[in-house]
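Asker: The structure is given below, and queries will be raised subsequently.
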Amino acid sequence: MSKRRGPLGAAFLCLSLLLAPAAWSQSVAQPAARPAIDFAAELKAAEARLFLDPTDLQTQFTRGMLLAELGRYLEAADAFRRMLAQDPNLLRPRLELGRVLMLAKDYDGARYNFEQVLAHELPDGVRRTVLGVLSRIREELPSLTASIDIVFDSNANQATSVDEVEIDGVRYRLNADAREKSSTGVRVVLDGRVPIPNHSLWFVRGVVDHLEHDGKALDFSYLQASAGRHFKFADHTFTVELGHHWARYQNERLYDGANWTLSDFRVLRPDLSMKLALSGMRLDYPAYPYRDGWQHVAAATFIYAASPDSRWEMNLDYVDNGAKEDAYAFRLGQLGLRRVDEWGGGWITGVRVQAGQGRYQAPDPFFRETRRDTEARLEFDLLNRKIRIWKLSPRLHVGVIDRRSNIDFYAYRRGYMRLGLSGEF
């Protein structure tokens with residue numbers, strides 16, 4: 001089976017039918033004049049051949065296509081995943097994996113694989129079809145990202161590890177509550193978008209993020225509800241979103257307020273996309289009114305499919321956090337870079353580095369000095385697409401953070417590990 005070129009017509013036709021219901025209806029109304037195929041019998045024969053030679057890529061591919069014809073889309077997806085575990089550069093299996101995930105309504109998984117397809121050398125018509133499918137996924141179809149992770153955090157409260165601090169020339173020893181605390185917990189994240197029926201460019205969106213630690217002293221919950229609309233132009237899509245958000249910490253209300261986002265998405269090249277966003281959220285703290293204010297974020301995200309089995313993701317962020325009292329207002333710039341690689345044997349790795357620098361607007365009320373922070377973050381994640389639990393792959397994610405500050409009390413180091421399930425690949 002060719003890695004870059006080959007008989008792709010049937011797969012491309014299937015993709016085109018996903019985009020053109022009328023063409024699908026026409027094809028049903030005028031069936032091809034050929035004998036009916038007994039897909040179940042063909043599948044049984046393919047599985048018998050695989051029993052004799054489990055590494056035969058052509059038979060694996062045939063089995064996946066037959067499973068798809070029988071409507072067993074998730075089983076077909078696993079068949080194509082096993083082929084990519086042997087060789088992540090294969091084009092047809094990745095294309096078909098994206099297609100069956102679309103049919104199974106796993107649009108986020110389909111999006112990743114179609115984006116990687118664009119790293120191949122494709123005919124113009126095929127490339128346009130894939131880009132059209134990706135546009136539908138981003139703008140017209142429902143989306144749900146869900147994760148549940150077991151979390152270990154060496155510094156769950158993001159507090160200092162120093163024993164003493166100096167204030168006005170006097171040294172004070174910190175009690176245990178003011179210092180770093182390790183904890184184990186569970187984190188659940190749901191992020192869903194649903195198009196409005198008959199008005200697919202309109203949507204409602206909800207985000208739930210709940211982190212529950214042992215002892216409940218560090219529990220955190222976040223909820224966001226919003227509505228928005230996509231505006232499609234010839235070469236880009238502009239999106240407006242408005243809503244409200246709420247946060248709780250230690251089972252008490254932390255902050256809430258309105259939020260809005262303006263974003264623009266465009267494909268710079270078939271293998272390179274860019275998203276620019278400007279957002280704002282109101283932060284009203286009932287227990288800390290001196291922190292009340294708007295936080296504005298300008299962000300740029302780039303995704304580059306460097307090759308069929310690798311990709312780069314880069315983000316640039318600038319945060320302007322206002323507050324009623326300038327001592328709690330700050331500006332922060334961040335740069336992040338992530339590399340994802342697929343390896344033989346089904347292994348997939350991700351490495352991310354991020355650096356940030358922030359400065360507060362006025363001297364700290366306790367330390368009489370204007371706070372300046374720098375932060376470096378390194379993250380690594382690992383999974384194997386051949387290992388499947390409830391149709392998902394276990395993923396290990398580890399990270400370290402080193403925050404330095406001109407005020408020792410705000411400097412800390414933190415290590416964390418998350419073990420959860422992912423359907424992204």
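Residue names in the structure tokens use chain letters A, B, ... in the order shown, residue numbers from 1 in each chain, and ligand numbers from 1 in the order shown.
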Please, which residues in segment 253-307 of chain A fall within 7 Å of segment 233-246 of chain A when counting only C-alpha atoms, and what is the closest atom pair and distance in Å to one decimal for each, ordered by chain then residue number, as a tab-separated table?
Answerer:
```
residue	atom	partner	partner_atom	distance
A:Tyr255	CA	A:Trp246	CA	6.1
A:Asp256	CA	A:Trp246	CA	4.3
A:Gly257	CA	A:His244	CA	5.7
A:Ala258	CA	A:His244	CA	4.2
A:Asn259	CA	A:Gly243	CA	5.2
A:Trp260	CA	A:Leu242	CA	4.4
A:Thr261	CA	A:Glu241	CA	5.1
A:Leu262	CA	A:Val240	CA	4.9
A:Ser263	CA	A:Thr239	CA	5.2
A:Asp264	CA	A:Phe238	CA	4.4
A:Phe265	CA	A:Thr237	CA	5.2
A:Arg266	CA	A:His236	CA	4.4
```
Asker: Compile a residue-level contact table for segment 336-406 of chain A against segment 63-87 of chain A at a cut-off of 7 Å, reporting for every qualifying residue the shortest atom pair and its distance in Å to one decimal, with only C-alpha atoms counted, rows ordered by chain and ascending number, as a Markdown table.
Answerer:
```
| residue | atom | partner | partner_atom | distance |
| --- | --- | --- | --- | --- |
| A:Gly344 | CA | A:Gln86 | CA | 5.5 |
| A:Gly345 | CA | A:Ala85 | CA | 5.0 |
| A:Gly346 | CA | A:Ala85 | CA | 3.8 |
| A:Arg385 | CA | A:Arg81 | CA | 6.8 |
| A:Lys386 | CA | A:Arg82 | CA | 6.3 |
```
Asker: Check the smallest atom-to-atom distance from each of A:Gly215, A:Val340, A:Val188, A:Val319 to Ser307 of chain A using only C-alpha atoms, then report the winner.
Answerer: A:Val340
Asker: Please determine, counting only C-alpha atoms, which residue among A:His397, A:Arg291, A:Arg338, A:Lys44 has the shortest atom-to-atom distance to Met314 of chain A.
Answerer: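 Among the listed residues, the smallest separation from Met314 of chain A belongs to A:Arg338.
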Asker: Compile the contact shell of Trp202 of chain A as a list of chain:residue names: residues with an atom at most 10 Å away, counting only C-alpha atoms, same-chain residues fewer than 2 positions apart removed.
Answerer: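 Neighbouring residues, sequence-local ones excluded: A:Glu139, A:Glu140, A:Val194, A:Pro195, A:Ile196, A:Pro197, A:Asn198, A:His199, A:Ser200, A:Val204, A:Ala227, A:Gly228, A:Arg229, A:His230, A:Phe231, A:Thr239, A:Val240, A:Glu241.
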Asker: Could you list, as number ranges by chain, every residue within 8 Å of Ile407 of chain A, counting only C-alpha atoms and ignoring same-chain residues fewer than 2 positions away?
Answerer: A: 367, 369, 371-372, 405, 409-411
Asker: Restricting the output to all heavy atoms, write the selected residues as a PDB file, in the first residue's frame.
Answerer:
```pdb
ATOM      1  N   PHE A 367       4.714  43.712  50.741  1.00  0.00           N
ATOM      2  CA  PHE A 367       6.164  43.697  50.561  1.00  0.00           C
ATOM      3  C   PHE A 367       6.720  45.021  50.038  1.00  0.00           C
ATOM      4  O   PHE A 367       7.937  45.169  49.901  1.00  0.00           O
ATOM      5  CB  PHE A 367       6.556  42.547  49.623  1.00  0.00           C
ATOM      6  CG  PHE A 367       6.208  41.196  50.167  1.00  0.00           C
ATOM      7  CD1 PHE A 367       5.026  40.569  49.805  1.00  0.00           C
ATOM      8  CD2 PHE A 367       7.048  40.570  51.071  1.00  0.00           C
ATOM      9  CE1 PHE A 367       4.696  39.330  50.317  1.00  0.00           C
ATOM     10  CE2 PHE A 367       6.724  39.314  51.586  1.00  0.00           C
ATOM     11  CZ  PHE A 367       5.535  38.694  51.217  1.00  0.00           C
ATOM     12  N   GLU A 369       6.924  46.327  47.183  1.00  0.00           N
ATOM     13  CA  GLU A 369       7.727  46.202  45.968  1.00  0.00           C
ATOM     14  C   GLU A 369       6.818  45.735  44.835  1.00  0.00           C
ATOM     15  O   GLU A 369       5.917  44.907  45.055  1.00  0.00           O
ATOM     16  CB  GLU A 369       8.862  45.200  46.188  1.00  0.00           C
ATOM     17  CG  GLU A 369       9.862  45.143  45.062  1.00  0.00           C
ATOM     18  CD  GLU A 369      11.036  44.220  45.396  1.00  0.00           C
ATOM     19  OE1 GLU A 369      11.097  43.723  46.535  1.00  0.00           O
ATOM     20  OE2 GLU A 369      11.869  44.010  44.495  1.00  0.00           O
ATOM     21  N   ARG A 371       5.693  43.579  42.004  1.00  0.00           N
ATOM     22  CA  ARG A 371       5.972  42.162  41.712  1.00  0.00           C
ATOM     23  C   ARG A 371       6.242  41.943  40.227  1.00  0.00           C
ATOM     24  O   ARG A 371       5.527  42.451  39.358  1.00  0.00           O
ATOM     25  CB  ARG A 371       4.765  41.326  42.151  1.00  0.00           C
ATOM     26  CG  ARG A 371       4.871  39.856  41.870  1.00  0.00           C
ATOM     27  CD  ARG A 371       3.620  39.165  42.386  1.00  0.00           C
ATOM     28  NE  ARG A 371       3.479  37.831  41.846  1.00  0.00           N
ATOM     29  CZ  ARG A 371       2.401  37.065  42.032  1.00  0.00           C
ATOM     30  NH1 ARG A 371       1.380  37.530  42.751  1.00  0.00           N
ATOM     31  NH2 ARG A 371       2.345  35.853  41.498  1.00  0.00           N
ATOM     32  N   ARG A 372       7.282  41.147  39.924  1.00  0.00           N
ATOM     33  CA  ARG A 372       7.616  40.732  38.572  1.00  0.00           C
ATOM     34  C   ARG A 372       7.894  39.235  38.581  1.00  0.00           C
ATOM     35  O   ARG A 372       8.713  38.757  39.372  1.00  0.00           O
ATOM     36  CB  ARG A 372       8.839  41.488  38.041  1.00  0.00           C
ATOM     37  CG  ARG A 372       8.656  43.003  37.968  1.00  0.00           C
ATOM     38  CD  ARG A 372       9.866  43.682  37.331  1.00  0.00           C
ATOM     39  NE  ARG A 372      11.115  43.350  38.038  1.00  0.00           N
ATOM     40  CZ  ARG A 372      11.527  43.981  39.134  1.00  0.00           C
ATOM     41  NH1 ARG A 372      10.793  44.965  39.656  1.00  0.00           N
ATOM     42  NH2 ARG A 372      12.657  43.638  39.710  1.00  0.00           N
ATOM     43  N   SER A 405      10.230  34.910  40.993  1.00  0.00           N
ATOM     44  CA  SER A 405       9.680  36.233  41.277  1.00  0.00           C
ATOM     45  C   SER A 405      10.696  37.045  42.057  1.00  0.00           C
ATOM     46  O   SER A 405      11.534  36.484  42.798  1.00  0.00           O
ATOM     47  CB  SER A 405       8.380  36.102  42.084  1.00  0.00           C
ATOM     48  OG  SER A 405       7.858  37.373  42.420  1.00  0.00           O
ATOM     49  N   PHE A 409       8.015  35.212  48.188  1.00  0.00           N
ATOM     50  CA  PHE A 409       6.752  34.616  48.611  1.00  0.00           C
ATOM     51  C   PHE A 409       5.942  34.110  47.414  1.00  0.00           C
ATOM     52  O   PHE A 409       5.131  33.186  47.553  1.00  0.00           O
ATOM     53  CB  PHE A 409       5.935  35.662  49.389  1.00  0.00           C
ATOM     54  CG  PHE A 409       4.627  35.140  49.901  1.00  0.00           C
ATOM     55  CD1 PHE A 409       4.574  34.262  50.966  1.00  0.00           C
ATOM     56  CD2 PHE A 409       3.430  35.533  49.313  1.00  0.00           C
ATOM     57  CE1 PHE A 409       3.366  33.777  51.437  1.00  0.00           C
ATOM     58  CE2 PHE A 409       2.217  35.051  49.767  1.00  0.00           C
ATOM     59  CZ  PHE A 409       2.179  34.181  50.840  1.00  0.00           C
ATOM     60  N   TYR A 410       6.147  34.676  46.238  1.00  0.00           N
ATOM     61  CA  TYR A 410       5.365  34.298  45.069  1.00  0.00           C
ATOM     62  C   TYR A 410       6.103  33.331  44.138  1.00  0.00           C
ATOM     63  O   TYR A 410       5.572  32.971  43.074  1.00  0.00           O
ATOM     64  CB  TYR A 410       4.954  35.542  44.289  1.00  0.00           C
ATOM     65  CG  TYR A 410       4.069  36.466  45.087  1.00  0.00           C
ATOM     66  CD1 TYR A 410       4.535  37.706  45.515  1.00  0.00           C
ATOM     67  CD2 TYR A 410       2.780  36.089  45.455  1.00  0.00           C
ATOM     68  CE1 TYR A 410       3.732  38.556  46.271  1.00  0.00           C
ATOM     69  CE2 TYR A 410       1.970  36.923  46.208  1.00  0.00           C
ATOM     70  CZ  TYR A 410       2.449  38.156  46.610  1.00  0.00           C
ATOM     71  OH  TYR A 410       1.650  38.981  47.363  1.00  0.00           O
ATOM     72  N   ALA A 411       7.282  32.926  44.508  1.00  0.00           N
ATOM     73  CA  ALA A 411       8.038  31.959  43.701  1.00  0.00           C
ATOM     74  C   ALA A 411       7.703  30.542  44.162  1.00  0.00           C
ATOM     75  O   ALA A 411       7.505  30.296  45.359  1.00  0.00           O
ATOM     76  CB  ALA A 411       9.530  32.221  43.830  1.00  0.00           C
TER      77      ALA A 411
END
```
